[in-house]
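Undergrad: For reference, the structure I am asking about is given below.
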Amino acid sequence: MGLTILNSVEAAQAFAESWAASLVGGEIFALHGVLGAGKTQLAKGLARGLGFRGDVTSPTFTIVHEYRGGRLPMYHIDLYRIKQESEAIDIGLEEYLPSREGVTFIEWPERIASLLPPETQHWELEVVSLTERVVRQLSETSESTSA
């Protein structure tokens, strides 16, 4: 799979913004990477590409933020605080997997690996330096896992 080098926050957002043009709803993006790798910056770009014009923030404490008002709704899920798949099921996250009406963007997807449908697009962000990241698509199946 190809890789892209991102050398700024703006480049990360523009990269994900470019994904939006071809989306029709039902897509799931699973973003793997360490804390601070830039997953939320990609979420900001994707939301902007879908036409959402408000603030996009990490849902670390609320688990899910829904962004509406663009061409498609976007569901931004941050599983950092989820320790077991059963917790995700208990709070109803399965309704977003997939959501046929919108796009689902998941940070820390390895926490619910067995719940992800086969069409999930797995992406990894690697921190190269303080300002540089490498992003690569791992696969389009839930069989991929990465820390």
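Ordering of the structure tokens sets the chain letters (A, B, ...); residue numbers start at 1 within each chain; ligands are numbered from 1 in the order shown.
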Can you pull out the residues contacting range 99-106 of chain A? Cut-off 7 Å, using only C-alpha atoms, and skip same-chain residues under 6 positions away; I want them as a count of residues only.

TA: 15

Undergrad: Go through A:Leu79, A:Ala20, A:Leu6, A:Ile63 and flag the residue nearest Trp108 in chain A, using only C-alpha atoms for the distances.

TA: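 Once distances to Trp108 in chain A are computed over only C-alpha atoms, the minimum belongs to A:Leu79.
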
Undergrad: Any idea what's packed within 9 Å of Val135 in chain A, counting only C-alpha atoms, ignoring anything in its chain fewer than 2 positions away? Could you give it as a PDB file with N, CA and C atoms, in the first residue's frame?

TA:
ATOM      1  N   GLY A   2       0.399   2.309  -0.625  1.00  0.00           N
ATOM      2  CA  GLY A   2       1.165   3.535  -0.698  1.00  0.00           C
ATOM      3  C   GLY A   2       1.201   4.265   0.623  1.00  0.00           C
ATOM      4  N   LEU A   3       2.149   5.198   0.717  1.00  0.00           N
ATOM      5  CA  LEU A   3       2.216   6.014   1.915  1.00  0.00           C
ATOM      6  C   LEU A   3       2.324   7.467   1.510  1.00  0.00           C
ATOM      7  N   THR A   4       1.917   8.335   2.424  1.00  0.00           N
ATOM      8  CA  THR A   4       1.949   9.769   2.205  1.00  0.00           C
ATOM      9  C   THR A   4       2.652  10.407   3.382  1.00  0.00           C
ATOM     10  N   ILE A   5       3.532  11.350   3.107  1.00  0.00           N
ATOM     11  CA  ILE A   5       4.219  12.082   4.160  1.00  0.00           C
ATOM     12  C   ILE A   5       3.483  13.400   4.367  1.00  0.00           C
ATOM     13  N   LEU A   6       3.119  13.653   5.605  1.00  0.00           N
ATOM     14  CA  LEU A   6       2.409  14.881   5.973  1.00  0.00           C
ATOM     15  C   LEU A   6       3.347  15.713   6.833  1.00  0.00           C
ATOM     16  N   ALA A  12      -2.194  17.402   6.883  1.00  0.00           N
ATOM     17  CA  ALA A  12      -2.980  16.263   7.367  1.00  0.00           C
ATOM     18  C   ALA A  12      -4.465  16.486   7.103  1.00  0.00           C
ATOM     19  N   TRP A 123      -6.177   2.670   8.375  1.00  0.00           N
ATOM     20  CA  TRP A 123      -5.090   3.589   8.080  1.00  0.00           C
ATOM     21  C   TRP A 123      -4.200   3.711   9.314  1.00  0.00           C
ATOM     22  N   GLU A 124      -2.923   3.873   9.096  1.00  0.00           N
ATOM     23  CA  GLU A 124      -1.968   4.034  10.196  1.00  0.00           C
ATOM     24  C   GLU A 124      -1.250   5.369  10.063  1.00  0.00           C
ATOM     25  N   LEU A 125      -1.112   6.064  11.185  1.00  0.00           N
ATOM     26  CA  LEU A 125      -0.318   7.284  11.249  1.00  0.00           C
ATOM     27  C   LEU A 125       0.920   6.984  12.077  1.00  0.00           C
ATOM     28  N   GLU A 126       2.061   7.257  11.512  1.00  0.00           N
ATOM     29  CA  GLU A 126       3.334   7.049  12.200  1.00  0.00           C
ATOM     30  C   GLU A 126       3.982   8.402  12.430  1.00  0.00           C
ATOM     31  N   ARG A 133       4.516  13.343   9.781  1.00  0.00           N
ATOM     32  CA  ARG A 133       3.804  12.085   9.971  1.00  0.00           C
ATOM     33  C   ARG A 133       3.792  11.323   8.655  1.00  0.00           C
ATOM     34  N   GLN A 137      -2.367   3.383   4.077  1.00  0.00           N
ATOM     35  CA  GLN A 137      -3.523   2.503   4.183  1.00  0.00           C
ATOM     36  C   GLN A 137      -3.019   1.098   4.427  1.00  0.00           C
TER      37      GLN A 137
END

Undergrad: Could you pull out all residues of range 36-134 of chain A with a DSSP call of helix (DSSP H, G or I) and give them as a list in words?

TA: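 Of range 36-134 of chain A, the ones in helix (DSSP H, G or I) are Lys39, Thr40, Gln41, Leu42, Ala43, Lys44, Gly45, Leu46, Ala47, Arg48, Gly49, Glu85, Ser86, Glu87, Ala88, Ile89, Asp90, Leu93, Glu94, Glu95, Tyr96, Pro109, Glu110, Arg111, Ile112, Ala113, Ser114 and Leu115 of chain A.
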
Undergrad: With C-alpha atoms kept, could you save the residues just selected as a tab-separated table (two decimals), in the first residue's frame?

TA:
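Listing of selection-v1.tsv after writing:
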chain	number	residue	atom	x	y	z
A	39	LYS	CA	-5.85	11.15	14.10
A	40	THR	CA	-8.12	14.01	15.15
A	41	GLN	CA	-6.50	16.29	12.56
A	42	LEU	CA	-7.55	13.79	9.89
A	43	ALA	CA	-11.07	13.80	11.35
A	44	LYS	CA	-11.13	17.60	11.06
A	45	GLY	CA	-10.14	17.40	7.40
A	46	LEU	CA	-12.69	14.72	6.58
A	47	ALA	CA	-15.49	16.69	8.27
A	48	ARG	CA	-14.48	19.81	6.36
A	49	GLY	CA	-14.43	17.82	3.10
A	85	GLU	CA	-15.53	-4.54	23.34
A	86	SER	CA	-18.42	-5.19	25.72
A	87	GLU	CA	-18.21	-1.55	26.87
A	88	ALA	CA	-18.62	-0.41	23.25
A	89	ILE	CA	-21.63	-2.68	22.81
A	90	ASP	CA	-23.16	-1.45	26.09
A	93	LEU	CA	-21.55	1.83	19.18
A	94	GLU	CA	-22.68	-0.98	16.88
A	95	GLU	CA	-25.28	1.36	15.36
A	96	TYR	CA	-22.40	3.24	13.70
A	109	PRO	CA	-10.18	0.83	16.47
A	110	GLU	CA	-8.12	-2.07	17.80
A	111	ARG	CA	-10.27	-1.84	20.95
A	112	ILE	CA	-13.26	-3.17	18.97
A	113	ALA	CA	-11.48	-5.15	16.24
A	114	SER	CA	-13.97	-8.02	16.06
A	115	LEU	CA	-16.93	-5.61	15.73

Undergrad: Could you tell me, as a PyMOL selection string, which residues of chain A DSSP assigns to strand (DSSP E or B) when given the backbone?

TA: chain A and resi 3-6+28-32+64-67+74-78+103-107+121-127+133-139

Undergrad: Have a look at CA of Arg71 in chain A and CA of Gly51 in chain A and let me know their distance in Å, one decimal.

TA: 5.8 Å

Undergrad: Measuring between only C-alpha atoms, which one of A:Gln121, A:Arg53, A:Gly69, A:Pro59 shows the shortest distance to Arg136 in chain A?

TA: A:Gln121
